[in-house]
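The next block is start_3.pdb, given as PDB, C-alpha atoms.
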```pdb
ATOM      1  CA  THR R 149       0.000   0.000   0.000  1.00  0.00           C
ATOM      2  CA  LEU R 150       0.938   3.671  -0.176  1.00  0.00           C
ATOM      3  CA  ILE R 151       1.904   3.955   3.490  1.00  0.00           C
ATOM      4  CA  PHE R 152       4.287   1.009   3.166  1.00  0.00           C
ATOM      5  CA  ARG R 153       5.992   2.613   0.160  1.00  0.00           C
ATOM      6  CA  CYS R 154       6.297   5.915   2.034  1.00  0.00           C
ATOM      7  CA  ALA R 155       7.834   4.107   4.996  1.00  0.00           C
ATOM      8  CA  GLU R 156      10.332   2.243   2.804  1.00  0.00           C
ATOM      9  CA  GLU R 157      11.365   5.449   1.057  1.00  0.00           C
ATOM     10  CA  ALA R 158      11.851   7.237   4.379  1.00  0.00           C
ATOM     11  CA  LEU R 159      13.764   4.333   5.940  1.00  0.00           C
ATOM     12  CA  GLY R 160      15.746   3.524   2.813  1.00  0.00           C
ATOM     13  CA  ARG R 161      15.025  -0.177   3.071  1.00  0.00           C
ATOM     14  CA  LEU R 162      12.316  -2.743   2.470  1.00  0.00           C
ATOM     15  CA  LEU R 163       9.855  -3.484   5.246  1.00  0.00           C
ATOM     16  CA  SER R 164       9.693  -6.969   6.689  1.00  0.00           C
ATOM     17  CA  ASP R 165       6.351  -8.695   7.179  1.00  0.00           C
ATOM     18  CA  ALA R 166       6.581  -7.902  10.877  1.00  0.00           C
ATOM     19  CA  ASP R 167       7.254  -4.214  10.088  1.00  0.00           C
ATOM     20  CA  GLN R 168       4.223  -4.087   7.819  1.00  0.00           C
ATOM     21  CA  ARG R 169       1.962  -5.659  10.441  1.00  0.00           C
ATOM     22  CA  ILE R 170       3.048  -3.114  13.052  1.00  0.00           C
ATOM     23  CA  ILE R 171       2.601  -0.133  10.743  1.00  0.00           C
ATOM     24  CA  TYR R 172      -0.770  -1.421   9.584  1.00  0.00           C
ATOM     25  CA  SER R 173      -1.861  -1.739  13.220  1.00  0.00           C
ATOM     26  CA  PHE R 174      -1.384   2.012  13.617  1.00  0.00           C
ATOM     27  CA  HIS R 175      -4.372   2.472  11.322  1.00  0.00           C
ATOM     28  CA  ASP R 176      -6.346  -0.713  11.957  1.00  0.00           C
ATOM     29  CA  TRP R 177      -5.901  -0.997  15.759  1.00  0.00           C
ATOM     30  CA  LEU R 178      -5.095   2.543  16.941  1.00  0.00           C
ATOM     31  CA  GLY R 179      -7.271   4.295  14.374  1.00  0.00           C
ATOM     32  CA  MET R 180      -4.607   6.753  13.230  1.00  0.00           C
ATOM     33  CA  PRO R 181      -5.266   8.467   9.889  1.00  0.00           C
ATOM     34  CA  LEU R 182      -2.762   7.692   7.129  1.00  0.00           C
ATOM     35  CA  ASP R 183      -1.325  11.223   6.991  1.00  0.00           C
ATOM     36  CA  LEU R 184      -0.569  11.048  10.722  1.00  0.00           C
ATOM     37  CA  ILE R 185       1.142   7.657  10.281  1.00  0.00           C
ATOM     38  CA  LYS R 186       3.345   9.157   7.575  1.00  0.00           C
ATOM     39  CA  TYR R 187       4.131  12.127   9.857  1.00  0.00           C
ATOM     40  CA  LEU R 188       4.908   9.700  12.705  1.00  0.00           C
ATOM     41  CA  ILE R 189       7.474   7.815  10.625  1.00  0.00           C
ATOM     42  CA  GLU R 190       9.149  11.046   9.468  1.00  0.00           C
ATOM     43  CA  TYR R 191       9.157  12.432  13.010  1.00  0.00           C
ATOM     44  CA  CYS R 192      10.869   9.357  14.468  1.00  0.00           C
ATOM     45  CA  ILE R 193      13.494   9.327  11.704  1.00  0.00           C
ATOM     46  CA  ASN R 194      14.201  13.040  12.304  1.00  0.00           C
ATOM     47  CA  ILE R 195      14.942  12.389  15.985  1.00  0.00           C
ATOM     48  CA  ASP R 196      17.265   9.546  14.971  1.00  0.00           C
ATOM     49  CA  HIS R 197      14.984   6.628  15.833  1.00  0.00           C
ATOM     50  CA  ARG R 198      14.465   4.346  12.869  1.00  0.00           C
ATOM     51  CA  GLU R 199      13.254   1.273  14.750  1.00  0.00           C
ATOM     52  CA  ILE R 200       9.684   0.235  13.993  1.00  0.00           C
ATOM     53  CA  ARG R 201       9.167  -0.833  17.612  1.00  0.00           C
ATOM     54  CA  TYR R 202      10.091   2.683  18.754  1.00  0.00           C
ATOM     55  CA  MET R 203       7.581   4.117  16.277  1.00  0.00           C
ATOM     56  CA  GLU R 204       4.975   1.787  17.768  1.00  0.00           C
ATOM     57  CA  LYS R 205       5.631   3.162  21.275  1.00  0.00           C
ATOM     58  CA  VAL R 206       5.319   6.734  20.013  1.00  0.00           C
ATOM     59  CA  ALA R 207       2.093   5.914  18.140  1.00  0.00           C
ATOM     60  CA  MET R 208       0.571   4.407  21.276  1.00  0.00           C
ATOM     61  CA  ALA R 209       1.658   7.406  23.380  1.00  0.00           C
ATOM     62  CA  TRP R 210       0.077   9.853  20.924  1.00  0.00           C
ATOM     63  CA  CYS R 211      -3.195   7.927  20.937  1.00  0.00           C
ATOM     64  CA  GLU R 212      -3.228   7.741  24.734  1.00  0.00           C
ATOM     65  CA  GLN R 213      -2.960  11.554  24.756  1.00  0.00           C
ATOM     66  CA  GLY R 214      -5.807  11.817  22.259  1.00  0.00           C
ATOM     67  CA  LEU R 215      -3.593  13.117  19.454  1.00  0.00           C
ATOM     68  CA  TYR R 216      -5.234  12.036  16.198  1.00  0.00           C
ATOM     69  CA  SER R 217      -4.192  14.829  13.858  1.00  0.00           C
ATOM     70  CA  ILE R 218      -0.915  16.370  12.752  1.00  0.00           C
ATOM     71  CA  GLU R 219      -1.998  19.709  14.233  1.00  0.00           C
ATOM     72  CA  ASP R 220      -2.642  18.126  17.638  1.00  0.00           C
ATOM     73  CA  VAL R 221       0.742  16.417  17.579  1.00  0.00           C
ATOM     74  CA  LYS R 222       2.589  19.594  16.603  1.00  0.00           C
ATOM     75  CA  SER R 223       0.930  21.531  19.433  1.00  0.00           C
ATOM     76  CA  SER R 224       1.878  18.789  21.890  1.00  0.00           C
ATOM     77  CA  LEU R 225       5.468  18.702  20.640  1.00  0.00           C
ATOM     78  CA  ILE R 226       5.788  22.457  21.131  1.00  0.00           C
ATOM     79  CA  GLU R 227       4.593  21.977  24.705  1.00  0.00           C
ATOM     80  CA  ASP R 228       7.031  19.104  25.208  1.00  0.00           C
ATOM     81  CA  LYS R 229       9.908  21.339  24.079  1.00  0.00           C
ATOM     82  CA  ARG R 230       9.153  23.636  26.993  1.00  0.00           C
ATOM     83  CA  TYR R 231       9.183  20.701  29.390  1.00  0.00           C
ATOM     84  CA  PHE R 232      12.497  19.440  28.039  1.00  0.00           C
ATOM     85  CA  ALA R 233      13.957  22.961  28.339  1.00  0.00           C
ATOM     86  CA  ILE R 234      13.070  22.946  32.043  1.00  0.00           C
ATOM     87  CA  LEU R 235      14.557  19.487  32.539  1.00  0.00           C
ATOM     88  CA  LYS R 236      17.747  20.576  30.775  1.00  0.00           C
ATOM     89  CA  GLU R 237      18.098  23.633  33.025  1.00  0.00           C
ATOM     90  CA  LEU R 238      17.828  21.320  36.032  1.00  0.00           C
ATOM     91  CA  GLY R 239      20.530  19.064  34.603  1.00  0.00           C
ATOM     92  CA  ILE R 240      18.137  16.226  33.811  1.00  0.00           C
ATOM     93  CA  SER R 241      18.619  14.405  30.526  1.00  0.00           C
ATOM     94  CA  ALA R 242      15.555  12.375  29.588  1.00  0.00           C
ATOM     95  CA  LYS R 243      14.161  10.939  26.381  1.00  0.00           C
ATOM     96  CA  GLY R 244      10.680  10.746  27.852  1.00  0.00           C
ATOM     97  CA  LEU R 245       8.572  12.796  30.239  1.00  0.00           C
ATOM     98  CA  PRO R 246       7.650  11.064  33.501  1.00  0.00           C
ATOM     99  CA  PRO R 247       3.927  11.771  34.130  1.00  0.00           C
ATOM    100  CA  THR R 248       4.495  13.159  37.645  1.00  0.00           C
ATOM    101  CA  GLN R 249       7.144  15.644  36.507  1.00  0.00           C
ATOM    102  CA  LYS R 250       5.083  16.619  33.471  1.00  0.00           C
ATOM    103  CA  ASP R 251       2.042  17.339  35.663  1.00  0.00           C
ATOM    104  CA  ILE R 252       4.129  19.588  37.921  1.00  0.00           C
ATOM    105  CA  MET R 253       5.593  21.525  34.987  1.00  0.00           C
ATOM    106  CA  LYS R 254       2.172  21.783  33.359  1.00  0.00           C
ATOM    107  CA  LYS R 255       0.886  23.389  36.577  1.00  0.00           C
ATOM    108  CA  TRP R 256       3.662  25.987  36.436  1.00  0.00           C
ATOM    109  CA  LEU R 257       3.009  26.819  32.796  1.00  0.00           C
ATOM    110  CA  GLU R 258      -0.775  26.629  32.625  1.00  0.00           C
ATOM    111  CA  GLU R 259      -2.282  26.999  36.100  1.00  0.00           C
ATOM    112  CA  TYR R 260       0.269  29.557  37.326  1.00  0.00           C
ATOM    113  CA  GLU R 261       0.670  31.031  33.822  1.00  0.00           C
ATOM    114  CA  MET R 262       4.330  31.591  34.589  1.00  0.00           C
ATOM    115  CA  PRO R 263       6.486  32.410  31.532  1.00  0.00           C
ATOM    116  CA  LEU R 264       9.048  29.784  30.570  1.00  0.00           C
ATOM    117  CA  GLU R 265      11.970  32.210  30.978  1.00  0.00           C
ATOM    118  CA  VAL R 266      10.965  32.894  34.594  1.00  0.00           C
ATOM    119  CA  ILE R 267      10.679  29.169  35.345  1.00  0.00           C
ATOM    120  CA  LEU R 268      14.114  28.604  33.811  1.00  0.00           C
ATOM    121  CA  GLU R 269      15.537  31.382  35.990  1.00  0.00           C
ATOM    122  CA  ALA R 270      13.979  29.759  39.065  1.00  0.00           C
ATOM    123  CA  CYS R 271      15.604  26.464  38.077  1.00  0.00           C
ATOM    124  CA  LYS R 272      18.969  28.158  37.575  1.00  0.00           C
ATOM    125  CA  GLN R 273      18.928  29.854  40.981  1.00  0.00           C
ATOM    126  CA  SER R 274      17.535  26.828  42.804  1.00  0.00           C
ATOM    127  CA  ALA R 275      20.095  24.475  41.262  1.00  0.00           C
ATOM    128  CA  LEU R 276      22.773  26.231  43.342  1.00  0.00           C
ATOM    129  CA  ASN R 277      21.064  24.987  46.514  1.00  0.00           C
ATOM    130  CA  MET R 278      20.463  21.407  45.347  1.00  0.00           C
ATOM    131  CA  GLN R 279      22.995  18.601  45.201  1.00  0.00           C
ATOM    132  CA  LYS R 280      20.720  16.812  42.747  1.00  0.00           C
ATOM    133  CA  PRO R 281      17.476  17.762  40.969  1.00  0.00           C
ATOM    134  CA  ASN R 282      14.484  17.699  43.309  1.00  0.00           C
ATOM    135  CA  PHE R 283      11.099  18.394  41.761  1.00  0.00           C
ATOM    136  CA  ASN R 284       9.319  18.761  45.103  1.00  0.00           C
ATOM    137  CA  TYR R 285      11.804  21.473  46.121  1.00  0.00           C
ATOM    138  CA  MET R 286      11.458  23.171  42.723  1.00  0.00           C
ATOM    139  CA  ASP R 287       7.672  23.083  43.014  1.00  0.00           C
ATOM    140  CA  LYS R 288       7.900  24.919  46.355  1.00  0.00           C
ATOM    141  CA  VAL R 289      10.180  27.563  44.824  1.00  0.00           C
ATOM    142  CA  VAL R 290       8.003  28.177  41.770  1.00  0.00           C
ATOM    143  CA  THR R 291       4.854  28.191  43.922  1.00  0.00           C
ATOM    144  CA  ALA R 292       6.455  30.787  46.213  1.00  0.00           C
ATOM    145  CA  TRP R 293       7.314  32.931  43.209  1.00  0.00           C
ATOM    146  CA  HIS R 294       3.746  32.576  41.933  1.00  0.00           C
ATOM    147  CA  GLU R 295       2.333  33.641  45.308  1.00  0.00           C
ATOM    148  CA  ALA R 296       4.739  36.613  45.290  1.00  0.00           C
ATOM    149  CA  ASN R 297       3.324  37.535  41.842  1.00  0.00           C
ATOM    150  CA  ILE R 298       6.675  37.168  40.101  1.00  0.00           C
ATOM    151  CA  LYS R 299       5.890  37.128  36.388  1.00  0.00           C
ATOM    152  CA  THR R 300       8.911  38.691  34.666  1.00  0.00           C
ATOM    153  CA  ILE R 301      12.706  38.633  34.824  1.00  0.00           C
ATOM    154  CA  ASP R 302      12.563  42.205  36.178  1.00  0.00           C
ATOM    155  CA  ASP R 303      10.417  40.926  39.043  1.00  0.00           C
ATOM    156  CA  VAL R 304      13.084  38.309  39.747  1.00  0.00           C
ATOM    157  CA  LYS R 305      15.824  40.967  39.775  1.00  0.00           C
ATOM    158  CA  LYS R 306      13.840  43.162  42.183  1.00  0.00           C
ATOM    159  CA  ARG R 307      13.248  40.166  44.435  1.00  0.00           C
ATOM    160  CA  ASN R 308      16.954  39.302  44.473  1.00  0.00           C
ATOM    161  CA  GLU R 309      17.925  42.911  45.202  1.00  0.00           C
ATOM    162  CA  ALA R 310      15.424  43.095  48.079  1.00  0.00           C
ATOM    163  CA  ARG R 311      16.719  39.825  49.547  1.00  0.00           C
ATOM    164  CA  GLU R 312      20.342  41.013  49.255  1.00  0.00           C
ATOM    165  CA  LYS R 313      19.485  44.335  50.935  1.00  0.00           C
ATOM    166  CA  SER R 314      17.695  42.543  53.763  1.00  0.00           C
ATOM    167  CA  LYS R 315      20.689  40.244  54.200  1.00  0.00           C
ATOM    168  CA  ASN R 316      23.110  43.185  54.335  1.00  0.00           C
ATOM    169  CA  ASP R 317      20.881  45.071  56.783  1.00  0.00           C
ATOM    170  CA  ARG R 318      20.795  42.082  59.139  1.00  0.00           C
ATOM    171  CA  ALA R 319      24.567  41.687  58.928  1.00  0.00           C
ATOM    172  CA  SER R 320      25.081  45.405  59.636  1.00  0.00           C
ATOM    173  CA  SER R 321      22.696  45.300  62.595  1.00  0.00           C
ATOM    174  CA  PHE R 322      24.473  42.248  64.021  1.00  0.00           C
ATOM    175  CA  TYR R 323      27.887  43.947  63.651  1.00  0.00           C
ATOM    176  CA  LYS R 324      26.719  47.140  65.379  1.00  0.00           C
ATOM    177  CA  SER R 325      25.132  45.149  68.205  1.00  0.00           C
ATOM    178  CA  ASN R 326      28.348  43.177  68.809  1.00  0.00           C
ATOM    179  CA  LYS R 327      30.480  46.315  68.639  1.00  0.00           C
ATOM    180  CA  LYS R 328      28.291  48.075  71.195  1.00  0.00           C
ATOM    181  CA  SER R 329      28.331  45.065  73.506  1.00  0.00           C
ATOM    182  CA  GLY R 330      32.122  44.805  73.248  1.00  0.00           C
ATOM    183  CA  ALA R 331      32.599  48.487  74.154  1.00  0.00           C
ATOM    184  CA  LYS R 332      30.603  48.068  77.376  1.00  0.00           C
ATOM    185  CA  SER R 333      32.601  45.062  78.500  1.00  0.00           C
ATOM    186  CA  GLN R 334      35.977  46.755  78.117  1.00  0.00           C
ATOM    187  CA  PRO R 335      36.060  48.324  81.667  1.00  0.00           C
ATOM    188  CA  PHE R 336      35.787  44.849  83.225  1.00  0.00           C
ATOM    189  CA  MET R 337      38.970  43.855  81.423  1.00  0.00           C
ATOM    190  CA  LYS R 338      41.009  46.682  82.981  1.00  0.00           C
ATOM    191  CA  THR R 339      42.984  46.116  86.213  1.00  0.00           C
ATOM    192  CA  ASN R 340      44.746  48.510  88.618  1.00  0.00           C
ATOM    193  CA  THR R 341      47.635  46.164  89.329  1.00  0.00           C
ATOM    194  CA  PRO R 342      50.877  48.230  89.245  1.00  0.00           C
ATOM    195  CA  LYS R 343      53.484  47.096  86.791  1.00  0.00           C
ATOM    196  CA  THR R 344      56.943  46.187  88.185  1.00  0.00           C
ATOM    197  CA  SER R 345      60.013  46.409  85.978  1.00  0.00           C
ATOM    198  CA  TYR R 346      62.717  43.715  86.014  1.00  0.00           C
ATOM    199  CA  SER R 347      65.327  46.038  87.576  1.00  0.00           C
ATOM    200  CA  GLU R 348      62.920  47.044  90.349  1.00  0.00           C
ATOM    201  CA  PHE R 349      62.187  43.407  91.048  1.00  0.00           C
ATOM    202  CA  LYS R 350      65.929  42.556  91.310  1.00  0.00           C
ATOM    203  CA  LEU R 351      66.502  45.489  93.674  1.00  0.00           C
ATOM    204  CA  LEU R 352      63.665  44.364  95.917  1.00  0.00           C
ATOM    205  CA  GLU R 353      65.028  40.810  95.932  1.00  0.00           C
ATOM    206  CA  THR R 354      68.493  42.054  96.987  1.00  0.00           C
ATOM    207  CA  LYS R 355      67.070  44.095  99.851  1.00  0.00           C
ATOM    208  CA  GLN R 356      65.116  41.103 101.129  1.00  0.00           C
ATOM    209  CA  ARG R 357      68.256  38.946 101.100  1.00  0.00           C
ATOM    210  CA  GLU R 358      70.239  41.547 103.120  1.00  0.00           C
ATOM    211  CA  TYR R 359      67.419  41.835 105.615  1.00  0.00           C
ATOM    212  CA  ARG R 360      67.296  38.064 106.158  1.00  0.00           C
ATOM    213  CA  ARG R 361      71.093  37.921 106.589  1.00  0.00           C
ATOM    214  CA  LYS R 362      71.035  40.655 109.264  1.00  0.00           C
ATOM    215  CA  GLN R 363      68.225  38.921 111.053  1.00  0.00           C
ATOM    216  CA  GLY R 364      70.192  35.680 111.104  1.00  0.00           C
ATOM    217  CA  GLY R 365      73.231  37.401 112.624  1.00  0.00           C
ATOM    218  CA  LEU R 366      71.297  38.687 115.606  1.00  0.00           C
TER     219      LEU R 366
END
```

Entire entry expressed as structure tokens:
Amino acid sequence: TLIFRCAEEALGRLLSDADQRIIYSFHDWLGMPLDLIKYLIEYCINIDHREIRYMEKVAMAWCEQGLYSIEDVKSSLIEDKRYFAILKELGISAKGLPPTQKDIMKKWLEEYEMPLEVILEACKQSALNMQKPNFNYMDKVVTAWHEANIKTIDDVKKRNEAREKSKNDRASSFYKSNKKSGAKSQPFMKTNTPKTSYSEFKLLETKQREYRRKQGGL
């Protein structure tokens, strides 16, 4: 059929009977239209996956998401690019999107309506405080930013400047408090003990020796 010829041209080889059965199942079992099957094959080849079994997994994933047209798939792929950009900023390399992580990122993008660039900046700053990626921690950070109505990079800069100023003010207050406390304690460190030089000490020792000698001669 036409779809088999299109697949063979795209793959640059003949399809085996098993390959044909799998590709035919996309239409017969999954109900995918022929133009979407052709797009599926081209998409997988473009991302360097030429295995028919891999194409089968992608076809099933698209159908599970209710993607039955090229337009639906393209919209979903654009969304996925945003998810992968977030994962990359967190230092996570993944070929697929775990459902739990995808749901969290979808909340940031759709429910919070937070721009991607702001989310990426949150990931960048939070990564400095994490030994390894932690989505629960990231969710708390992004949620805090959402509650603080941070929607732009300028908002992030203002937030950072305010936090830095608060930090410096606390440090300055602590320094002044310690300095004041140290000044009050100085009088307790002073003593009125007279200082005796070495020569005076030797003279006193000599006089004591003479006195003891005279006493012994009596």

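Once the PyMOL selection byres ((chain R and resi 155-161) around 10) is applied to the shown structure, the selection contains R:Leu150, R:Ile151, R:Phe152, R:Arg153, R:Cys154, R:Leu162, R:Leu163, R:Ser164, R:Asp167, R:Gln168, R:Ile171, R:Ile185, R:Lys186, R:Leu188, R:Ile189, R:Glu190, R:Ile193, R:Arg198, R:Glu199, R:Ile200.
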
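The result of the PyMOL selection byres ((chain R and resi 173) around 12) on the shown file is Ile151, Ala166, Asp167, Gln168, Arg169, Ile170, Ile171, Tyr172, Phe174, His175, Asp176, Trp177, Leu178, Gly179, Met180, Pro181, Leu182, Ile185, Ile200, Arg201, Met203, Glu204, Ala207 and Met208 of chain R.
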
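Using only C-alpha atoms, the contacts of Met262 (chain R) at a cut-off of 10 Å, with sequence neighbours closer than 4 positions omitted, comprise R:Lys255, R:Trp256, R:Leu257, R:Glu258, R:Val266, R:Ile267, R:Val290, R:Thr291, R:Trp293, R:His294, R:Asn297, R:Ile298, R:Lys299, R:Thr300.
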
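Between CA of Glu261 (chain R) and CA of Arg230 (chain R) there is a distance of 13.2 Å.
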
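Comparing R:Lys313, R:Trp210, R:Leu351, R:Lys205 by their smallest distance to Lys222 (chain R), the closest is R:Trp210 (using all atoms listed in the file).
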
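Distance-wise, CA of Glu312 (chain R) and CA of Met253 (chain R) end up 28.3 Å apart.
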
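CA of Lys280 (chain R) is found 23.0 Å from CA of Val304 (chain R).
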
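Among the candidate residues R:Cys271, R:Lys306, R:Glu295, R:Tyr260, the one lying nearest to Glu237 (chain R) is R:Cys271, with distances computed using only C-alpha atoms.
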
- Query: For this file, the PyMOL selection byres ((chain R and resi 218) around 9) selects which residues, as a PyMOL selection string?
  - Reply: chain R and resi 183-184+187-188+215-217+219-223

- Message: Considering all atoms listed in the file, can you say which of R:Cys211, R:Phe232, R:Ile240, R:Asn194 comes closest to Asn282 (chain R)?
- Response: R:Ile240

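Counting all atoms listed in the file, Leu235 (chain R) has the following residues at most 10 Å away, ignoring those fewer than 4 positions along the same chain: Lys229, Arg230, Tyr231, Gly239, Ile240, Ser241, Ala242, Leu245, Gln249, Lys250, Met253, Leu268, Cys271, Pro281 and Phe283 of chain R.
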
- Query: Out of R:Ile252, R:Leu264, R:Ala270, R:Leu238, which residue has the shortest atom-to-atom distance to Asn284 (chain R) when counting only C-alpha atoms?
  - Reply: R:Ile252

To test the calculation: enclose all listed atoms of region 289-297 of chain R in a box whose edges run along x, y and z, add 4 Å on each side, then state centre and edge lengths in Å to one decimal, as AutoDock Vina command-line options.
```
--center_x 6.3 --center_y 32.5 --center_z 44.0 --size_x 15.8 --size_y 18.0 --size_z 12.4
```
